[in-house]
Each structure stands twice: as C-alpha cells, then as structure tokens.
Amino acid sequence: MLPATATALAVLAALLAWPVPAALARAGWARRDPLAALVCWQAIGLAGGLSIIGALLVHGLAPWGHSLPEAWWHWVTRQPAVEPVRGDHWVAQTLAAVLALELLGVLALSWVRTARTRRRHRELLELVVRPGSSAPDPDETLLLDHPAPVAFCIPGARPLLVLSSGMVAELPGEQLAAVVAHERAHLREHHHLLLLPFVAWRAALPVLPAADRAHDAVRDLVEMRADDVALTALPGPDPRRTLAAAIVASAGGAGGGVPAGALAVTGGAVAARVRRLLAPAAPLPPAGRAGAIAAALGLLLVPTVLLLLPAVA
C-alpha cells in the first residue's frame, strides 16, 4: 500500500509545485478577496512541503511496514525490514531528511535574519525619529526627517509606524490618514508572518519558478488586503479615491526611504492596486469565499489522509 501512497503524494507535490500556484496567481477572484486567496497560498505552501517530504519518506520506509507509522516505528526500533531494502530506499530517506532540514532551516534562518534586520533598523530609527505631532494619532506614529513622501511600518515585538516629514508636508489630512490606516492594517493582521514562508521558499528553492511567483503573488495580496482594511477605517464620500491618491503620491518616494524588512504603502504592484481601488470588481460572494476556504482545507487534508489512511485501514 505504501508504494501507491508515495506515488499519490508525488503527483500531488508536482501539482502544487507548478500548475496549482500558476492557476492561483492568474485567478481573477483572488484580487476580489485577498484574504481568502492568502489562506489558499498558505495551504499550497504547507501541503506542497508535506507532500514532497512525505512522498520521499513513504518510499524510503516502505520495506519496513504497510503504513507510515508502522514502518517508521520498525525503522526507529531497528526491526528487520519485511521486504528487501534497495538503494533507492536509502536515497529517498536521505533526500527526505535533507529537504526537511533545508526547508525548516531556511525558514528559521529567514526569521532570524529578518528579525535581526528589523531590530537594527528599529534601533537606528529610534535615534532619529520623533513623535509625529502633525500626523494622525501622534502617540502611535513617529516622524522621520526625510524630504520624500515615505511611510512604512516595521513589525515585531515593538512595531514602529514611521512617516517622513515630506509625507506629512505633501499629503492632505485625509490622504495621510489613509496611509496610516494602511500601515496599521499590516501591523494588526501580522502580514509579515504571511510573507515569511514564501521568502523562505524562494530562498530554499531558487530554481523553482513557482517560488518566485508565489512570493510575488502573496506580497501583492498582502498589500491589497491592507488596502481593504484601511478602507473600512476611512471617513469621507470616496475613501477609495483618497487611498489611491495617497498611494500615487507616495510612489515617488518609495525608492531609498524604506528599510529592508519593512512593509510600505507603496509595496506590491502599485498600478494594479490603484486600478483595483478606482475600478473595484464585485466582492467575492460568501459562497465563493467558503469554497476557497474549503479548497484550502482540502489541500491540507489530502496529504495528511494519504499519510495516515494506510494505518487506519
């Protein structure tokens, strides 16, 4: 039964490595509901890693039992294999261990490096910023002397929301409030955690085109989600136009003012975000969102069931 399980997991891993991410990246509904699309991307990443590692592990341990838990226990306790052990079984075990260590190691390393970079930038900024008395909610916003219109947030245990003096001087009050609302959405929903697995995926598998596609898609969706959350906090007759104007006004200062590891209002595909704000598509209906969430849960359940079903059967 394990050879069939390994084959099914390998097929699923191949689908999640290329055609499924490509289809989701092109899907028009994703921009209509960025939150549901982000859930699907997280499921693709988790299910893809579980499938490829599971396929290798199942094939490598197949001679020791008829299910993964049984074979793993027999292998750990050094019981004799019930079927002949070939070289490809040892190779599969080695590849499974190497890939698991690489993915987890790169994820941990990305976390450490990003946290270290953000901490360094936070320490430097705290030396030069001052309370933003001319910005909305000065107790939560810091002002940086910089002539270009720049706004960004640095997430973490002590998050910072920073506006440049150029931003405060150039943008009218309603647009400035839109920028602040966008950055607060990043911090409140911890969007940096949604991005981190795909930063690690791209670093671990640089030759895989799907890794770049997934990273770019998640980055754009995170910004669109922050736009949507910001709109709910903006007063006025046309908050969409206000936020779009703020993004366009900020785009010219996005080059050198945003530190690495920060999330900025000018992140992602700016032109696509502005078009989405000014010409919004119909929201995804509740049934569509429920279907997307169900598909994400299904993606996570399929490899789990394939790995455990032989033991139950």
# chains A, B, ... in the order shown; residues from 1 in each chain; ligands from 1
$ residues_around --residues "Val270 (chain A)" --least-positions-apart "6" --cutoff "9 Å" --atoms "only C-alpha atoms" --output "mmCIF file with N, CA and C atoms, in the first residue's frame"
data_model
loop_
_atom_site.group_PDB
_atom_site.id
_atom_site.type_symbol
_atom_site.label_atom_id
_atom_site.label_comp_id
_atom_site.auth_asym_id
_atom_site.auth_seq_id
_atom_site.Cartn_x
_atom_site.Cartn_y
_atom_site.Cartn_z
ATOM 1 N N ASP A 220 1.696 40.942 -3.229
ATOM 2 C CA ASP A 220 0.656 41.816 -3.772
ATOM 3 C C ASP A 220 -0.650 41.664 -2.990
ATOM 4 N N ILE A 247 -1.545 56.565 -2.426
ATOM 5 C CA ILE A 247 -0.563 55.597 -2.938
ATOM 6 C C ILE A 247 0.234 56.208 -4.082
ATOM 7 N N VAL A 248 -0.455 56.882 -5.005
ATOM 8 C CA VAL A 248 0.233 57.507 -6.143
ATOM 9 C C VAL A 248 1.187 58.591 -5.658
ATOM 10 N N ALA A 251 4.299 57.015 -4.207
ATOM 11 C CA ALA A 251 5.105 56.130 -5.056
ATOM 12 C C ALA A 251 6.436 56.743 -5.424
#
$ select_by_dssp --residues "region 80-288 of chain A" --states "strand (DSSP E)" --output "PyMOL selection string"
chain A and resi 130-131+142-144+151-154+160-164+263-264
$ closest_atom_pairs --of "region 29-50 of chain A" --to "region 184-192 of chain A" --cutoff "12 Å" --atoms "only C-alpha atoms" --output "Markdown table"
| residue | atom | partner | partner_atom | distance |
| --- | --- | --- | --- | --- |
| A:Pro34 | CA | A:His191 | CA | 11.9 |
| A:Leu35 | CA | A:Glu189 | CA | 10.6 |
| A:Leu38 | CA | A:His191 | CA | 10.1 |
| A:Val39 | CA | A:His191 | CA | 12.0 |
$ closest_residue --among "A:Gln93, A:Thr5, A:Ser250, A:Thr266" --to "Ser67 (chain A)" --atoms "only C-alpha atoms"
A:Thr5
$ residues_around --residues "Ala100 (chain A)" --least-positions-apart "2" --cutoff "12 Å" --atoms "only C-alpha atoms" --output "short mmCIF file (atom, residue, chain, number, x, y, z; two decimals) with C-alpha atoms, in the first residue's frame"
data_model
loop_
_atom_site.label_atom_id
_atom_site.label_comp_id
_atom_site.auth_asym_id
_atom_site.auth_seq_id
_atom_site.Cartn_x
_atom_site.Cartn_y
_atom_site.Cartn_z
CA GLY A 48 3.37 21.13 -1.02
CA GLY A 49 6.13 20.71 1.56
CA LEU A 50 4.25 17.92 3.33
CA SER A 51 3.61 16.12 0.03
CA ILE A 52 7.15 16.09 -1.32
CA ILE A 53 8.75 15.18 2.01
CA GLY A 54 6.01 12.64 2.68
CA ALA A 55 6.44 11.00 -0.74
CA LEU A 56 10.17 10.55 -0.18
CA LEU A 57 9.72 9.33 3.38
CA GLN A 93 15.25 8.60 3.18
CA THR A 94 18.30 10.80 2.78
CA LEU A 95 16.55 13.20 0.42
CA ALA A 96 13.55 13.45 2.75
CA ALA A 97 15.79 14.33 5.69
CA VAL A 98 17.85 16.82 3.66
CA GLU A 102 16.65 22.63 4.36
CA LEU A 103 13.08 23.93 4.37
CA LEU A 104 12.89 24.24 8.15
CA GLY A 105 16.43 25.59 8.36
CA VAL A 106 15.87 28.23 5.70
CA LEU A 107 12.60 29.23 7.36
CA TRP A 201 10.54 29.04 -0.06
CA ALA A 204 15.37 27.37 -0.39
#
$ closest_residue --among "A:Pro147, A:Gly268, A:Gly166, A:Pro237" --to "Ala217 (chain A)" --atoms "only C-alpha atoms"
A:Gly268
$ select_by_dssp --residues "region 129-291 of chain A" --states "helix (DSSP H, G or I)" --output "number ranges by chain"
A: 165-170, 173-188, 191-204, 209-233, 239-251, 270-278, 286-291
$ residues_around --residues "Arg118 (chain A)" --least-positions-apart "6" --cutoff "9 Å" --atoms "only C-alpha atoms" --output "PyMOL selection string"
chain A and resi 154-156+259-262
$ residues_around --residues "Ala246 (chain A)" --least-positions-apart "6" --cutoff "12 Å" --atoms "only C-alpha atoms" --output "ChimeraX atom specification"
/A:149-151,167-168,170-182,227,230,239-240,252-253,265-266,270,273-274,277
$ write_last_selection --atoms "N, CA, C and O atoms" --output "short mmCIF file (atom, residue, chain, number, x, y, z; two decimals), in the first residue's frame"
data_model
loop_
_atom_site.label_atom_id
_atom_site.label_comp_id
_atom_site.auth_asym_id
_atom_site.auth_seq_id
_atom_site.Cartn_x
_atom_site.Cartn_y
_atom_site.Cartn_z
N PRO A 149 8.11 61.72 0.23
CA PRO A 149 6.94 61.15 0.91
C PRO A 149 7.11 59.65 1.12
O PRO A 149 6.95 58.86 0.20
N VAL A 150 7.44 59.26 2.34
CA VAL A 150 7.71 57.86 2.66
C VAL A 150 6.90 57.48 3.90
O VAL A 150 6.82 58.25 4.86
N ALA A 151 6.33 56.30 3.85
CA ALA A 151 5.63 55.74 5.01
C ALA A 151 5.87 54.25 5.03
O ALA A 151 5.83 53.58 4.00
N MET A 167 6.18 63.33 3.67
CA MET A 167 4.83 62.77 3.56
C MET A 167 3.82 63.67 4.26
O MET A 167 2.77 63.99 3.72
N VAL A 168 4.15 64.10 5.46
CA VAL A 168 3.24 64.95 6.23
C VAL A 168 3.04 66.29 5.55
O VAL A 168 1.93 66.85 5.54
N GLU A 170 3.38 67.02 2.23
CA GLU A 170 2.81 66.97 0.88
C GLU A 170 1.38 66.45 0.83
O GLU A 170 0.59 66.87 -0.02
N LEU A 171 1.01 65.53 1.70
CA LEU A 171 -0.30 64.90 1.61
C LEU A 171 -1.31 65.64 2.47
O LEU A 171 -1.01 66.01 3.62
N PRO A 172 -2.51 65.87 1.94
CA PRO A 172 -3.58 66.44 2.78
C PRO A 172 -3.98 65.46 3.88
O PRO A 172 -3.63 64.26 3.83
N GLY A 173 -4.73 65.95 4.83
CA GLY A 173 -5.03 65.17 6.02
C GLY A 173 -5.73 63.85 5.75
O GLY A 173 -5.38 62.83 6.34
N GLU A 174 -6.70 63.83 4.83
CA GLU A 174 -7.43 62.59 4.58
C GLU A 174 -6.54 61.54 3.91
O GLU A 174 -6.66 60.34 4.19
N GLN A 175 -5.63 61.98 3.04
CA GLN A 175 -4.71 61.02 2.42
C GLN A 175 -3.69 60.51 3.43
O GLN A 175 -3.31 59.33 3.40
N LEU A 176 -3.24 61.39 4.30
CA LEU A 176 -2.31 60.96 5.34
C LEU A 176 -2.97 59.93 6.26
O LEU A 176 -2.36 58.93 6.65
N ALA A 177 -4.23 60.14 6.59
CA ALA A 177 -4.96 59.17 7.41
C ALA A 177 -5.10 57.84 6.68
O ALA A 177 -5.05 56.77 7.30
N ALA A 178 -5.25 57.88 5.36
CA ALA A 178 -5.34 56.64 4.58
C ALA A 178 -4.03 55.86 4.63
O ALA A 178 -4.03 54.63 4.75
N VAL A 179 -2.92 56.56 4.54
CA VAL A 179 -1.61 55.90 4.62
C VAL A 179 -1.42 55.25 5.98
O VAL A 179 -0.98 54.10 6.09
N VAL A 180 -1.76 55.97 7.03
CA VAL A 180 -1.61 55.44 8.39
C VAL A 180 -2.51 54.22 8.58
O VAL A 180 -2.10 53.21 9.18
N ALA A 181 -3.73 54.29 8.06
CA ALA A 181 -4.65 53.15 8.19
C ALA A 181 -4.11 51.93 7.46
O ALA A 181 -4.25 50.79 7.94
N HIS A 182 -3.49 52.13 6.31
CA HIS A 182 -2.89 51.02 5.56
C HIS A 182 -1.77 50.36 6.37
O HIS A 182 -1.71 49.13 6.48
N ASP A 227 -5.05 47.43 1.94
CA ASP A 227 -5.92 48.46 1.35
C ASP A 227 -7.36 48.27 1.77
O ASP A 227 -8.04 49.23 2.16
N ALA A 230 -7.86 49.22 5.36
CA ALA A 230 -7.76 50.67 5.52
C ALA A 230 -9.05 51.36 5.09
O ALA A 230 -9.49 52.34 5.73
N PRO A 239 -13.58 57.04 -0.06
CA PRO A 239 -12.31 56.61 0.53
C PRO A 239 -11.41 55.88 -0.46
O PRO A 239 -10.19 55.92 -0.32
N ARG A 240 -11.99 55.23 -1.47
CA ARG A 240 -11.17 54.54 -2.45
C ARG A 240 -10.29 55.52 -3.22
O ARG A 240 -9.10 55.29 -3.42
N GLY A 252 6.50 58.05 -5.59
CA GLY A 252 7.76 58.69 -5.97
C GLY A 252 8.83 58.62 -4.91
O GLY A 252 10.02 58.69 -5.21
N GLY A 253 8.44 58.44 -3.64
CA GLY A 253 9.43 58.39 -2.58
C GLY A 253 9.72 57.02 -2.07
O GLY A 253 10.34 56.86 -1.01
N VAL A 265 3.39 51.42 2.20
CA VAL A 265 2.16 51.67 1.47
C VAL A 265 2.37 51.55 -0.03
O VAL A 265 1.43 51.34 -0.80
N THR A 266 3.61 51.67 -0.48
CA THR A 266 3.92 51.58 -1.91
C THR A 266 4.43 50.18 -2.28
O THR A 266 5.05 50.00 -3.33
N VAL A 270 1.87 48.50 -7.54
CA VAL A 270 1.17 49.75 -7.24
C VAL A 270 0.09 50.04 -8.28
O VAL A 270 -1.05 50.40 -7.94
N ARG A 273 -2.92 47.88 -7.80
CA ARG A 273 -3.67 48.27 -6.60
C ARG A 273 -4.50 49.52 -6.85
O ARG A 273 -5.65 49.61 -6.41
N VAL A 274 -3.92 50.49 -7.55
CA VAL A 274 -4.66 51.72 -7.83
C VAL A 274 -5.85 51.44 -8.73
O VAL A 274 -6.96 51.94 -8.50
N LEU A 277 -8.58 49.89 -6.75
CA LEU A 277 -9.30 50.83 -5.90
C LEU A 277 -10.26 51.71 -6.69
O LEU A 277 -11.39 51.98 -6.25
#
$ atom_distance --atom1 "CA of Gly60 (chain A)" --atom2 "CA of Val91 (chain A)"
7.3 Å
$ decode --residues "region 158-169 of chain A" --atoms "all heavy atoms" --output "JSON list (two decimals), in the first residue's frame"
[["chain", "number", "residue", "atom", "x", "y", "z"],
["A", 158, "ARG", "N", 8.06, 45.14, 19.13],
["A", 158, "ARG", "CA", 7.85, 46.58, 19.33],
["A", 158, "ARG", "C", 7.70, 47.23, 17.96],
["A", 158, "ARG", "O", 8.65, 47.80, 17.43],
["A", 158, "ARG", "CB", 9.02, 47.18, 20.10],
["A", 158, "ARG", "CG", 9.15, 46.70, 21.53],
["A", 158, "ARG", "CD", 10.24, 47.42, 22.30],
["A", 158, "ARG", "NE", 11.56, 47.24, 21.70],
["A", 158, "ARG", "CZ", 12.26, 48.20, 21.12],
["A", 158, "ARG", "NH1", 11.75, 49.42, 21.02],
["A", 158, "ARG", "NH2", 13.45, 47.96, 20.61],
["A", 159, "PRO", "N", 6.52, 47.16, 17.35],
["A", 159, "PRO", "CA", 6.36, 47.67, 15.99],
["A", 159, "PRO", "C", 6.50, 49.18, 15.93],
["A", 159, "PRO", "O", 6.17, 49.90, 16.89],
["A", 159, "PRO", "CB", 4.94, 47.23, 15.62],
["A", 159, "PRO", "CG", 4.24, 47.07, 16.92],
["A", 159, "PRO", "CD", 5.27, 46.59, 17.89],
["A", 160, "LEU", "N", 6.99, 49.65, 14.80],
["A", 160, "LEU", "CA", 7.11, 51.08, 14.55],
["A", 160, "LEU", "C", 6.32, 51.44, 13.31],
["A", 160, "LEU", "O", 6.35, 50.72, 12.30],
["A", 160, "LEU", "CB", 8.58, 51.48, 14.32],
["A", 160, "LEU", "CG", 9.52, 51.51, 15.51],
["A", 160, "LEU", "CD1", 10.90, 51.99, 15.06],
["A", 160, "LEU", "CD2", 8.99, 52.42, 16.61],
["A", 161, "LEU", "N", 5.63, 52.55, 13.38],
["A", 161, "LEU", "CA", 4.95, 53.12, 12.21],
["A", 161, "LEU", "C", 5.59, 54.48, 11.97],
["A", 161, "LEU", "O", 5.54, 55.35, 12.85],
["A", 161, "LEU", "CB", 3.45, 53.24, 12.47],
["A", 161, "LEU", "CG", 2.54, 53.44, 11.26],
["A", 161, "LEU", "CD1", 1.10, 53.15, 11.62],
["A", 161, "LEU", "CD2", 2.64, 54.83, 10.66],
["A", 162, "VAL", "N", 6.20, 54.65, 10.81],
["A", 162, "VAL", "CA", 7.02, 55.83, 10.54],
["A", 162, "VAL", "C", 6.48, 56.57, 9.34],
["A", 162, "VAL", "O", 6.19, 55.97, 8.29],
["A", 162, "VAL", "CB", 8.49, 55.43, 10.30],
["A", 162, "VAL", "CG1", 9.34, 56.67, 10.00],
["A", 162, "VAL", "CG2", 9.04, 54.68, 11.51],
["A", 163, "LEU", "N", 6.34, 57.89, 9.49],
["A", 163, "LEU", "CA", 6.02, 58.79, 8.39],
["A", 163, "LEU", "C", 7.17, 59.76, 8.21],
["A", 163, "LEU", "O", 7.77, 60.21, 9.19],
["A", 163, "LEU", "CB", 4.74, 59.57, 8.68],
["A", 163, "LEU", "CG", 3.43, 58.81, 8.85],
["A", 163, "LEU", "CD1", 2.32, 59.77, 9.22],
["A", 163, "LEU", "CD2", 3.09, 58.04, 7.60],
["A", 164, "SER", "N", 7.48, 60.09, 6.97],
["A", 164, "SER", "CA", 8.50, 61.09, 6.72],
["A", 164, "SER", "C", 7.89, 62.49, 6.81],
["A", 164, "SER", "O", 6.68, 62.68, 6.63],
["A", 164, "SER", "CB", 9.14, 60.88, 5.34],
["A", 164, "SER", "OG", 8.22, 61.21, 4.32],
["A", 165, "SER", "N", 8.76, 63.46, 7.08],
["A", 165, "SER", "CA", 8.28, 64.84, 7.11],
["A", 165, "SER", "C", 7.77, 65.27, 5.74],
["A", 165, "SER", "O", 6.84, 66.07, 5.63],
["A", 165, "SER", "CB", 9.41, 65.76, 7.56],
["A", 165, "SER", "OG", 10.56, 65.60, 6.73],
["A", 166, "GLY", "N", 8.38, 64.73, 4.67],
["A", 166, "GLY", "CA", 7.89, 65.02, 3.33],
["A", 166, "GLY", "C", 6.49, 64.50, 3.11],
["A", 166, "GLY", "O", 5.66, 65.15, 2.45],
["A", 167, "MET", "N", 6.18, 63.33, 3.67],
["A", 167, "MET", "CA", 4.83, 62.77, 3.56],
["A", 167, "MET", "C", 3.82, 63.67, 4.26],
["A", 167, "MET", "O", 2.77, 63.99, 3.72],
["A", 167, "MET", "CB", 4.81, 61.37, 4.16],
["A", 167, "MET", "CG", 3.44, 60.71, 4.23],
["A", 167, "MET", "SD", 2.87, 60.06, 2.66],
["A", 167, "MET", "CE", 3.88, 58.59, 2.53],
["A", 168, "VAL", "N", 4.15, 64.10, 5.46],
["A", 168, "VAL", "CA", 3.24, 64.95, 6.23],
["A", 168, "VAL", "C", 3.04, 66.29, 5.55],
["A", 168, "VAL", "O", 1.93, 66.85, 5.54],
["A", 168, "VAL", "CB", 3.77, 65.13, 7.67],
["A", 168, "VAL", "CG1", 2.90, 66.11, 8.45],
["A", 168, "VAL", "CG2", 3.83, 63.79, 8.38],
["A", 169, "ALA", "N", 4.10, 66.82, 4.93],
["A", 169, "ALA", "CA", 4.01, 68.12, 4.30],
["A", 169, "ALA", "C", 3.24, 68.08, 2.98],
["A", 169, "ALA", "O", 2.51, 69.03, 2.65],
["A", 169, "ALA", "CB", 5.42, 68.68, 4.05]]
